[in-house]
Every structure is written in C-alpha cells, then in structure tokens.
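Text of the file run16.tsv, holding TSV, C-alpha atoms and all ligand atoms:
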chain	number	residue	atom	x	y	z
A	1	MET	CA	21.24	16.37	11.82
A	2	ASN	CA	22.76	16.24	8.35
A	3	THR	CA	26.52	16.29	8.27
A	4	LYS	CA	27.89	18.74	5.71
A	5	ILE	CA	31.64	18.51	6.29
A	6	SER	CA	33.20	15.44	7.85
A	7	PHE	CA	36.83	15.05	8.82
A	8	GLN	CA	37.50	11.38	9.48
A	9	GLN	CA	40.85	10.62	11.06
A	10	THR	CA	42.24	13.30	8.79
A	11	SER	CA	46.00	13.81	8.89
A	12	CYS	CA	48.40	15.96	6.95
A	13	ALA	CA	52.16	15.57	7.03
A	14	PHE	CA	54.70	17.67	5.16
A	15	PRO	CA	58.23	16.66	4.27
A	16	VAL	CA	60.56	19.09	6.04
A	17	ASN	CA	64.35	18.78	5.72
A	18	GLY	CA	64.14	15.10	4.86
A	19	ALA	CA	61.90	14.36	7.87
A	20	THR	CA	58.12	14.27	8.12
A	21	PHE	CA	56.33	17.04	9.97
A	22	VAL	CA	52.81	16.20	11.10
A	23	ALA	CA	50.76	19.41	10.79
A	24	VAL	CA	47.38	17.75	11.43
A	25	ASP	CA	47.13	14.49	13.32
A	26	ARG	CA	44.04	12.31	12.94
A	27	VAL	CA	41.35	14.95	13.34
A	28	SER	CA	37.77	13.73	13.40
A	29	LEU	CA	35.07	16.38	13.28
A	30	ASP	CA	31.57	16.53	11.83
A	31	ILE	CA	30.16	19.93	10.93
A	32	ALA	CA	26.41	19.86	10.54
A	33	ASP	CA	24.53	21.39	7.64
A	34	ARG	CA	23.93	25.07	8.51
A	35	GLU	CA	26.21	24.98	11.52
A	36	VAL	CA	28.78	27.65	12.34
A	37	VAL	CA	31.96	26.11	13.74
A	38	THR	CA	34.91	28.27	14.71
A	39	VAL	CA	38.46	27.00	15.15
A	40	VAL	CA	40.98	28.57	17.51
A	41	GLY	CA	44.42	27.53	18.66
A	42	PRO	CA	48.03	28.64	18.87
A	43	SER	CA	49.92	29.67	15.77
A	44	GLY	CA	51.11	26.66	13.81
A	45	CYS	CA	48.64	24.17	15.28
A	46	GLY	CA	47.32	23.27	11.83
A	47	LYS	CA	44.17	25.41	11.56
A	48	SER	CA	44.86	26.59	8.03
A	49	THR	CA	45.97	23.13	6.92
A	50	LEU	CA	42.71	21.68	8.23
A	51	LEU	CA	40.63	24.28	6.41
A	52	ASN	CA	42.67	23.93	3.22
A	53	MET	CA	41.95	20.21	3.18
A	54	ALA	CA	38.21	20.94	3.29
A	55	ALA	CA	38.75	23.50	0.52
A	56	GLY	CA	40.53	20.90	-1.63
A	57	LEU	CA	43.71	22.97	-1.72
A	58	VAL	CA	45.79	20.54	0.35
A	59	ASN	CA	45.45	16.76	0.19
A	60	PRO	CA	45.27	14.72	3.38
A	61	THR	CA	48.08	12.22	3.83
A	62	GLY	CA	45.86	10.10	6.08
A	63	GLY	CA	42.12	9.72	6.54
A	64	ASP	CA	39.84	11.88	4.43
A	65	VAL	CA	37.53	14.90	4.34
A	66	TYR	CA	34.00	14.52	3.03
A	67	VAL	CA	31.58	17.17	1.84
A	68	ASP	CA	28.01	15.93	1.48
A	69	GLY	CA	29.40	12.43	1.83
A	70	THR	CA	31.85	12.72	-1.08
A	71	PRO	CA	35.62	12.80	-0.51
A	72	VAL	CA	37.11	16.19	-1.33
A	73	ARG	CA	39.59	16.03	-4.19
A	74	GLU	CA	39.66	19.60	-5.47
A	75	PRO	CA	38.10	23.02	-4.90
A	76	GLY	CA	34.45	23.40	-5.92
A	77	PRO	CA	31.93	26.22	-6.38
A	78	GLU	CA	29.83	25.03	-3.41
A	79	ARG	CA	32.78	25.88	-1.14
A	80	GLY	CA	33.69	29.56	-0.93
A	81	VAL	CA	37.11	30.20	0.58
A	82	ILE	CA	38.11	33.50	2.17
A	83	PHE	CA	41.71	33.96	3.32
A	84	GLN	CA	43.13	36.62	5.59
A	85	GLN	CA	45.01	38.18	2.70
A	86	TYR	CA	42.87	37.65	-0.32
A	87	ALA	CA	44.48	38.42	-3.64
A	88	LEU	CA	42.07	40.45	-5.70
A	89	PHE	CA	42.69	40.88	-9.40
A	90	PRO	CA	44.53	44.21	-9.32
A	91	TRP	CA	43.48	45.15	-12.86
A	92	LEU	CA	39.77	44.69	-12.14
A	93	THR	CA	37.52	47.14	-10.33
A	94	VAL	CA	35.71	46.20	-7.13
A	95	ARG	CA	32.60	45.46	-9.18
A	96	ALA	CA	34.47	43.33	-11.72
A	97	ASN	CA	36.22	41.44	-8.93
A	98	VAL	CA	32.90	40.64	-7.27
A	99	GLU	CA	31.33	39.68	-10.60
A	100	PHE	CA	34.27	37.49	-11.53
A	101	GLY	CA	33.16	34.31	-9.76
A	102	LEU	CA	29.70	34.72	-11.28
A	103	THR	CA	31.08	34.80	-14.82
A	104	LEU	CA	32.18	31.20	-14.24
A	105	GLN	CA	28.66	30.11	-13.33
A	106	ARG	CA	26.47	28.92	-16.11
A	107	GLY	CA	22.99	30.33	-16.34
A	108	VAL	CA	23.74	33.64	-14.67
A	109	GLY	CA	23.14	36.39	-17.22
A	110	ARG	CA	24.81	39.78	-17.31
A	111	ALA	CA	21.97	41.69	-15.63
A	112	GLU	CA	21.62	39.12	-12.89
A	113	ARG	CA	25.39	39.21	-12.35
A	114	ARG	CA	25.28	42.96	-12.01
A	115	ARG	CA	22.39	42.83	-9.60
A	116	ARG	CA	23.93	40.17	-7.40
A	117	ALA	CA	27.33	41.84	-7.32
A	118	GLN	CA	25.72	45.16	-6.40
A	119	HIS	CA	23.82	43.55	-3.55
A	120	PHE	CA	26.99	42.21	-1.95
A	121	ILE	CA	29.01	45.36	-2.66
A	122	ASP	CA	26.33	47.28	-0.76
A	123	LEU	CA	26.27	44.68	1.99
A	124	VAL	CA	29.98	45.08	2.74
A	125	GLY	CA	29.77	48.86	2.55
A	126	LEU	CA	31.65	49.45	-0.69
A	127	THR	CA	28.82	51.11	-2.64
A	128	ASP	CA	30.84	54.27	-3.27
A	129	PHE	CA	33.91	52.29	-4.35
A	130	ALA	CA	32.37	49.89	-6.87
A	131	ASP	CA	34.39	51.37	-9.73
A	132	ALA	CA	37.65	51.73	-7.82
A	133	LEU	CA	40.71	49.59	-8.39
A	134	PRO	CA	42.02	47.56	-5.43
A	135	LYS	CA	45.27	49.54	-5.17
A	136	THR	CA	43.28	52.67	-4.27
A	137	LEU	CA	41.56	50.94	-1.33
A	138	SER	CA	42.64	50.35	2.26
A	139	GLY	CA	43.49	46.81	3.38
A	140	GLY	CA	40.17	46.51	5.17
A	141	MET	CA	38.25	47.61	2.09
A	142	ARG	CA	40.11	45.11	-0.08
A	143	GLN	CA	39.24	42.37	2.35
A	144	ARG	CA	35.59	43.38	2.29
A	145	CYS	CA	35.72	43.21	-1.52
A	146	ALA	CA	37.12	39.67	-1.26
A	147	ILE	CA	34.30	38.77	1.12
A	148	ALA	CA	31.69	40.21	-1.27
A	149	ARG	CA	33.24	38.16	-4.07
A	150	ALA	CA	32.96	34.94	-2.07
A	151	TYR	CA	29.40	35.70	-0.93
A	152	ALA	CA	28.23	36.57	-4.45
A	153	VAL	CA	28.81	33.05	-5.75
A	154	ASN	CA	26.37	31.92	-3.06
A	155	PRO	CA	28.31	28.84	-1.92
A	156	SER	CA	26.55	26.53	0.50
A	157	ILE	CA	29.78	26.33	2.51
A	158	LEU	CA	32.01	29.20	3.59
A	159	LEU	CA	35.55	28.30	4.63
A	160	MET	CA	37.01	31.39	6.26
A	161	ASP	CA	40.63	31.61	7.43
A	162	GLU	CA	41.02	34.59	9.77
A	163	PRO	CA	39.03	36.72	7.33
A	164	PHE	CA	38.55	39.70	9.61
A	165	GLY	CA	42.10	39.78	11.02
A	166	ALA	CA	43.12	42.86	9.06
A	167	LEU	CA	40.03	44.90	9.89
A	168	ASP	CA	39.77	47.57	12.57
A	169	ALA	CA	37.78	46.62	15.67
A	170	LEU	CA	34.54	48.39	14.71
A	171	THR	CA	34.47	47.09	11.13
A	172	ARG	CA	35.27	43.68	12.46
A	173	VAL	CA	32.23	43.62	14.72
A	174	GLN	CA	30.08	44.89	11.84
A	175	MET	CA	31.39	42.14	9.58
A	176	GLN	CA	30.64	39.52	12.22
A	177	ASP	CA	27.03	40.71	12.43
A	178	GLN	CA	26.78	40.82	8.65
A	179	LEU	CA	28.15	37.30	8.39
A	180	LEU	CA	25.56	36.01	10.85
A	181	ARG	CA	22.78	37.87	9.03
A	182	ALA	CA	23.86	36.44	5.68
A	183	TRP	CA	24.18	33.03	7.28
A	184	SER	CA	20.67	33.03	8.71
A	185	ALA	CA	19.15	34.41	5.50
A	186	GLU	CA	20.93	32.02	3.13
A	187	GLN	CA	21.51	29.05	5.44
A	188	ARG	CA	25.12	28.28	4.84
A	189	THR	CA	27.55	26.04	6.66
A	190	ILE	CA	30.51	27.96	8.01
A	191	MET	CA	33.95	26.87	9.17
A	192	PHE	CA	35.72	29.93	10.52
A	193	ILE	CA	39.28	30.20	11.83
A	194	THR	CA	40.18	33.05	14.13
A	195	HIS	CA	42.77	34.17	16.66
A	196	ASP	CA	40.14	36.19	18.48
A	197	VAL	CA	38.43	34.29	21.28
A	198	ASP	CA	35.51	36.75	21.47
A	199	GLU	CA	34.92	36.41	17.75
A	200	ALA	CA	35.09	32.62	18.02
A	201	VAL	CA	32.40	32.55	20.70
A	202	TYR	CA	30.18	35.24	19.20
A	203	LEU	CA	29.86	33.46	15.86
A	204	ALA	CA	29.87	29.81	16.79
A	205	ASN	CA	27.51	27.06	17.58
A	206	ARG	CA	30.65	25.17	18.64
A	207	VAL	CA	34.22	26.31	19.18
A	208	VAL	CA	36.94	23.82	18.27
A	209	VAL	CA	40.14	24.41	20.23
A	210	MET	CA	43.26	22.92	18.67
A	211	ALA	CA	46.62	22.08	20.19
A	212	ALA	CA	49.97	22.09	18.42
A	213	ARG	CA	52.75	19.59	17.73
A	214	PRO	CA	51.08	17.63	16.40
A	215	GLY	CA	48.00	19.63	15.38
A	216	ARG	CA	44.94	18.03	16.88
A	217	ILE	CA	41.61	18.82	18.48
A	218	LYS	CA	41.99	19.52	22.16
A	219	GLU	CA	38.47	20.39	23.11
A	220	ILE	CA	35.12	21.22	21.52
A	221	ILE	CA	33.16	23.82	23.44
A	222	PRO	CA	29.46	24.30	22.69
A	223	VAL	CA	28.11	27.86	22.70
A	224	GLU	CA	24.65	27.64	24.15
A	225	LEU	CA	23.50	31.10	23.17
A	226	PRO	CA	20.53	31.52	20.84
A	227	TYR	CA	20.72	33.06	17.37
A	228	PRO	CA	20.24	35.77	16.27
A	229	ARG	CA	23.09	37.12	18.36
A	230	SER	CA	23.53	40.71	19.36
A	231	GLU	CA	25.48	43.07	21.57
A	232	ALA	CA	23.38	41.86	24.50
A	233	HIS	CA	24.86	38.39	24.10
A	234	ARG	CA	28.41	39.76	23.97
A	235	LEU	CA	27.87	41.47	27.29
A	236	SER	CA	26.07	38.62	29.01
A	237	PRO	CA	27.54	36.58	31.89
A	238	GLU	CA	26.97	33.38	29.87
A	239	PHE	CA	29.14	34.77	27.09
A	240	ALA	CA	31.90	35.66	29.57
A	241	LYS	CA	31.78	32.18	31.01
A	242	ILE	CA	32.16	30.50	27.63
A	243	ARG	CA	34.86	32.94	26.58
A	244	ASN	CA	36.83	32.15	29.72
A	245	ARG	CA	36.52	28.48	29.07
A	246	VAL	CA	37.79	28.84	25.49
A	247	TRP	CA	40.56	31.17	26.63
A	248	HIS	CA	41.69	28.66	29.20
A	249	ALA	CA	41.67	25.81	26.68
A	250	VAL	CA	43.75	27.85	24.23
A	251	TYR	CA	46.26	29.44	26.56
A	252	HIS	CA	46.60	27.02	29.43
A	253	GLN	CA	47.96	24.14	27.46
A	254	THR	CA	50.55	21.74	28.85
A	255	PRO	CA	54.15	23.03	28.39
A	256	GLU	CA	54.79	21.32	25.07
A	257	GLU	CA	51.53	22.80	23.82
A	258	GLU	CA	52.22	26.41	24.86
A	259	PRO	CA	51.51	28.81	22.04
A	260	ALA	CA	54.68	29.85	20.22
A	261	THR	CA	55.73	33.34	21.27
A	301	LIG	N1	53.38	23.40	2.73
A	301	LIG	C1	53.97	23.21	3.92
A	301	LIG	N2	55.17	22.63	4.02
A	301	LIG	C2	55.77	22.41	5.22
A	301	LIG	N3	55.22	22.75	6.40
A	301	LIG	C3	54.03	23.35	6.37
A	301	LIG	C4	53.33	23.61	5.15
A	301	LIG	N4	52.14	24.20	5.45
A	301	LIG	C5	52.11	24.30	6.79
A	301	LIG	N5	53.22	23.79	7.35
A	301	LIG	C6	53.51	23.72	8.78
A	301	LIG	O1	52.45	23.06	9.41
A	301	LIG	C7	52.15	23.67	10.64
A	301	LIG	C8	50.70	24.11	10.67
A	301	LIG	O2	50.56	25.20	9.78
A	301	LIG	P1	49.18	25.98	9.63
A	301	LIG	O3	48.13	25.01	9.26
A	301	LIG	O4	49.42	27.12	8.72
A	301	LIG	O5	48.94	26.47	11.14
A	301	LIG	P2	47.99	27.64	11.69
A	301	LIG	O6	47.08	28.06	10.61
A	301	LIG	O7	47.30	27.02	12.86
A	301	LIG	O8	48.90	28.74	12.15
A	301	LIG	C9	53.13	24.80	10.82
A	301	LIG	O9	54.20	24.38	11.64
A	301	LIG	C10	53.60	25.08	9.42
A	301	LIG	O10	54.90	25.57	9.42
A	302	MG	MG	46.74	29.88	9.65
The structure given in the file should be rewritten as structure tokens.
Ligand SMILES: Nc1ncnc2c1ncn2[C@@H]1O[C@H](COP(=O)(O)OP(=O)(O)O)[C@@H](O)[C@H]1O
Ligand SMILES: [Mg+2]
Amino acid sequence: MNTKISFQQTSCAFPVNGATFVAVDRVSLDIADREVVTVVGPSGCGKSTLLNMAAGLVNPTGGDVYVDGTPVREPGPERGVIFQQYALFPWLTVRANVEFGLTLQRGVGRAERRRRAQHFIDLVGLTDFADALPKTLSGGMRQRCAIARAYAVNPSILLMDEPFGALDALTRVQMQDQLLRAWSAEQRTIMFITHDVDEAVYLANRVVVMAARPGRIKEIIPVELPYPRSEAHRLSPEFAKIRNRVWHAVYHQTPEEEPAT
C-alpha cells in the first residue's frame, strides 16, 4: 500500500483573544494512494482545518502533512480542492470557468482544453449552460461548475470540503455516483468531508470520525463494502450497520464532546 497523504502528529493552533486555540491536535492518519477517506464530526472539530493543511492553505503549527512523501508547503496542481461554497469567476462563463485551471497547465492546447472542459461540463449535467454566467445559475449548478473545474485539471488528489452540501437530495446522490465513477476511471485519492453520515459511508473505504475541543480523531471505521457501489449497497443491512456505528461515534460523544447545537 502506497501512502499518498500522511498526517504525522499534525496540529494546528490559532491565536484567539491573546490565547491559543487548538483546532487540530496531533492527528496521525495515512491515506493510501487511490483510497477514498471521508471525515465526519461535529461542527468546529477541525475538519476543514485538517483538509486545508493537506491543501497547503493552512500551515500546521506542529507535526507535518506529507503528500507523496514531501511536506506540504503550498497548494499544488496535483491537489484539487473543492469547497462547499466555491467562488467561480463571475465574469467568466461556465465553460471559461472550467477551462481556467487548464490555461495554467503547460502543454494543453486550446482544442484539448475545449474538449476536456466539455467532457466535464457534460459529466456534471451543465451541457445546456456552458455559455451561461454564474449569476444566472442556481446554487447547485454553480457548485457543479466548480466541481467540473476541479475535475478538469485531473488532479491525482481531490480534497473536498462538504462539496455536495448545497445540492438537493437527488442531485447529491447523482454527484456521489459520478464522483465514484470518476474515481474508479481515473484512480484518484480522495479526502472528503461531509456532515451526512450516509454520504460518508457510501463513498468511503474508511470513515474518520473526529471529536472536538481539541479536534482529534476519535475513531476510524472501515467500510467493508465492495466497489463499485450502487443503490443496492445503500439499502443493504451491512450498510445500515456501518451507518449506525458511524452515527453513534459522531453523536454519542462524551459530554464535553457533544456536537455544538
Ligand atoms: N483562522 C482561524 N482563526 C481562529 N480560529 C479558527 C480559524 N479557523 C478555524 N478556527 C477555529 O477552529 C475550529 C475548527 O474549525 P474548522 O476546521 O472550520 O471546523 P469544522 O470544519 O470541523 O467545522 C473552530 O472552533 C474554528 O472556530
Ligand atoms: Mg468545515
């Protein structure tokens, strides 16, 4: 098993009102090449901070994060990041937004850029909106455009922070299936944060459950369901059993760990 992303005693503390607030406390986690790991936990337990350290957007204050054995110091094209609220360039069309990341890649010509962008625009169901500006789209459509933009660059790692949170239930399930299809076709490594326990189990090879104050790993729950996954897995007793286990780990924390209400 090749390790793709490695958190080694990784901590992150922020100065808050003259004191130090520990958002992530000595997290150690290895994510294998081509693995899908989902992260769940109460609000404020440090999920985004953890992901942002892998993205190179936030620096650890203790320990380190490694990608392919190299400490992360800044963002890089091999790591695609998708946030819950992704800011598209408002003055660019859907197509131009999706092509944008490709314009930064050397050796990708105009025709190839077009072709690749079109492929991912089709994949996320925005074919009829390729020439639309973001302001004319619904929130869900904008998010799908952001996802197409990240996919188009073909990063070997996808870091996704509640990417489907703003989507309606049906679109959300479709996007989950699409993500898994793209993952198995292109063999990417995925770290995926979600509030949705079903989503966490459906996508993951392992579910990481975090606890708050300080943010740390509470439990890692393996999902022993084969890929490719389908509706049949969602409805299976094995799925229900794993979901209940994750649910329990998230919501039945000791009093000081109770999710903030
Ligand atoms: N830049 C920052 N400065 C101060 N505190 C922060 C900063 N970023 C995050 N935090 C705090 O760290 C904790 C973890 O935040 P976050 O990683 O966003 O949690 P989650 O994504 O699990 O909801 C929260 O209490 C949050 O307020
Ligand atoms: Mg967050």
Residues of chain A that have any atom at most 10 Å from an atom of ligand MG 302 (chain A): could you tabulate them with the shortest-distance atom pair and the distance in Å to one decimal, using all atoms listed in the file, ordered by chain and increasing number, as CSV?
residue,atom,partner,partner_atom,distance
A:Val40,CA,A:MG302,MG,9.8
A:Gly41,CA,A:MG302,MG,9.6
A:Pro42,CA,A:MG302,MG,9.4
A:Ser43,CA,A:MG302,MG,6.9
A:Gly44,CA,A:MG302,MG,6.8
A:Cys45,CA,A:MG302,MG,8.2
A:Gly46,CA,A:MG302,MG,7.0
A:Lys47,CA,A:MG302,MG,5.5
A:Ser48,CA,A:MG302,MG,4.1
A:Thr49,CA,A:MG302,MG,7.3
A:Leu50,CA,A:MG302,MG,9.2
A:Leu51,CA,A:MG302,MG,8.9
A:Asn52,CA,A:MG302,MG,9.7
A:Phe83,CA,A:MG302,MG,9.1
A:Gln84,CA,A:MG302,MG,8.7
A:Asp161,CA,A:MG302,MG,6.7
A:Glu162,CA,A:MG302,MG,7.4
A:Ile193,CA,A:MG302,MG,7.8
A:Thr194,CA,A:MG302,MG,8.6
A:His195,CA,A:MG302,MG,9.1
Would you save the residues of that selection, restricted to C-alpha atoms, as a short mmCIF file (atom, residue, chain, number, x, y, z; two decimals), in the frame of the given file?
data_model
loop_
_atom_site.label_atom_id
_atom_site.label_comp_id
_atom_site.auth_asym_id
_atom_site.auth_seq_id
_atom_site.Cartn_x
_atom_site.Cartn_y
_atom_site.Cartn_z
CA VAL A 40 40.98 28.57 17.51
CA GLY A 41 44.42 27.53 18.66
CA PRO A 42 48.03 28.64 18.87
CA SER A 43 49.92 29.67 15.77
CA GLY A 44 51.11 26.66 13.81
CA CYS A 45 48.64 24.17 15.28
CA GLY A 46 47.32 23.27 11.83
CA LYS A 47 44.17 25.41 11.56
CA SER A 48 44.86 26.59 8.03
CA THR A 49 45.97 23.13 6.92
CA LEU A 50 42.71 21.68 8.23
CA LEU A 51 40.63 24.28 6.41
CA ASN A 52 42.67 23.93 3.22
CA PHE A 83 41.71 33.96 3.32
CA GLN A 84 43.13 36.62 5.59
CA ASP A 161 40.63 31.61 7.43
CA GLU A 162 41.02 34.59 9.77
CA ILE A 193 39.28 30.20 11.83
CA THR A 194 40.18 33.05 14.13
CA HIS A 195 42.77 34.17 16.66
#
With only C-alpha atoms and all ligand atoms as the atoms that count, which of A:Leu126, A:Met160, A:Ile190, A:Ile147 lies nearest to ligand LIG 301 (chain A)? A:Met160
Mind dumping a table of every segment 144-250 of chain A residue within 10 Å of segment 109-125 of chain A, with the nearest atom pair and its distance in Å to one decimal, using only C-alpha atoms, sorted by chain and rising number, as a Markdown table?
| residue | atom | partner | partner_atom | distance |
| --- | --- | --- | --- | --- |
| A:Arg144 | CA | A:Val124 | CA | 5.9 |
| A:Cys145 | CA | A:Ile121 | CA | 7.1 |
| A:Ala146 | CA | A:Val124 | CA | 9.8 |
| A:Ile147 | CA | A:Val124 | CA | 7.8 |
| A:Ala148 | CA | A:Phe120 | CA | 5.2 |
| A:Arg149 | CA | A:Ala117 | CA | 7.7 |
| A:Ala150 | CA | A:Phe120 | CA | 9.4 |
| A:Tyr151 | CA | A:Phe120 | CA | 7.0 |
| A:Ala152 | CA | A:Ala117 | CA | 6.1 |
| A:Val153 | CA | A:Arg116 | CA | 8.8 |
| A:Asn154 | CA | A:Arg116 | CA | 9.6 |
| A:Thr171 | CA | A:Val124 | CA | 9.7 |
| A:Gln174 | CA | A:Val124 | CA | 9.1 |
| A:Met175 | CA | A:Val124 | CA | 7.6 |
| A:Gln178 | CA | A:Leu123 | CA | 7.7 |
| A:Leu179 | CA | A:Val124 | CA | 9.8 |
| A:Ala182 | CA | A:Leu123 | CA | 9.3 |
Prev. selection, C-alpha atoms, output as a CSV table (one decimal), in the frame of the given file:
chain,number,residue,atom,x,y,z
A,144,ARG,CA,35.6,43.4,2.3
A,145,CYS,CA,35.7,43.2,-1.5
A,146,ALA,CA,37.1,39.7,-1.3
A,147,ILE,CA,34.3,38.8,1.1
A,148,ALA,CA,31.7,40.2,-1.3
A,149,ARG,CA,33.2,38.2,-4.1
A,150,ALA,CA,33.0,34.9,-2.1
A,151,TYR,CA,29.4,35.7,-0.9
A,152,ALA,CA,28.2,36.6,-4.4
A,153,VAL,CA,28.8,33.0,-5.8
A,154,ASN,CA,26.4,31.9,-3.1
A,171,THR,CA,34.5,47.1,11.1
A,174,GLN,CA,30.1,44.9,11.8
A,175,MET,CA,31.4,42.1,9.6
A,178,GLN,CA,26.8,40.8,8.6
A,179,LEU,CA,28.2,37.3,8.4
A,182,ALA,CA,23.9,36.4,5.7
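Among the candidates A:Val197, A:Met141, A:Ala211, A:Ala169, the one nearest to ligand LIG 301 (chain A) when counting all atoms listed in the file is A:Ala211.
Using all atoms listed in the file, the contacts of segment 59-75 of chain A at a cut-off of 7 Å, with sequence neighbours closer than 3 positions omitted, comprise Thr3, Lys4, Ile5, Ser6, Phe7, Gln8, Gln9, Thr10, Ser11, Cys12, Ala13, Met53, Ala54, Ala55 and Gly56 of chain A.
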With C-alpha atoms kept, could you save the residues just selected as an mmCIF file, in the coordinates of the input?
data_model
loop_
_atom_site.group_PDB
_atom_site.id
_atom_site.type_symbol
_atom_site.label_atom_id
_atom_site.label_comp_id
_atom_site.auth_asym_id
_atom_site.auth_seq_id
_atom_site.Cartn_x
_atom_site.Cartn_y
_atom_site.Cartn_z
ATOM 1 C CA THR A 3 26.520 16.290 8.270
ATOM 2 C CA LYS A 4 27.890 18.740 5.710
ATOM 3 C CA ILE A 5 31.640 18.510 6.290
ATOM 4 C CA SER A 6 33.200 15.440 7.850
ATOM 5 C CA PHE A 7 36.830 15.050 8.820
ATOM 6 C CA GLN A 8 37.500 11.380 9.480
ATOM 7 C CA GLN A 9 40.850 10.620 11.060
ATOM 8 C CA THR A 10 42.240 13.300 8.790
ATOM 9 C CA SER A 11 46.000 13.810 8.890
ATOM 10 C CA CYS A 12 48.400 15.960 6.950
ATOM 11 C CA ALA A 13 52.160 15.570 7.030
ATOM 12 C CA MET A 53 41.950 20.210 3.180
ATOM 13 C CA ALA A 54 38.210 20.940 3.290
ATOM 14 C CA ALA A 55 38.750 23.500 0.520
ATOM 15 C CA GLY A 56 40.530 20.900 -1.630
#
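Here atom CA of Leu180 of chain A is placed at a distance of 11.8 Å from atom CA of Phe192 of chain A.
In this comparison, which uses all atoms listed in the file, the residue of A:Ile217, A:Met210, A:Ala130, A:Trp247 approaching ligand LIG 301 (chain A) most closely is A:Met210.
Taking atom O3 of ligand LIG 301 (chain A) and atom CA of Leu102 of chain A as endpoints, the distance between them is 29.3 Å.
Atom CA of Arg234 of chain A lies 14.0 Å from atom CA of Arg172 of chain A.
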Let me have the centre and edge lengths in Å, one decimal, of the box along x, y and z around every listed atom of ligand LIG 301 (chain A) with 3 Å of margin on each side, as AutoDock Vina command-line options.
--center_x 51.4 --center_y 25.6 --center_z 7.8 --size_x 14.7 --size_y 12.3 --size_z 16.1
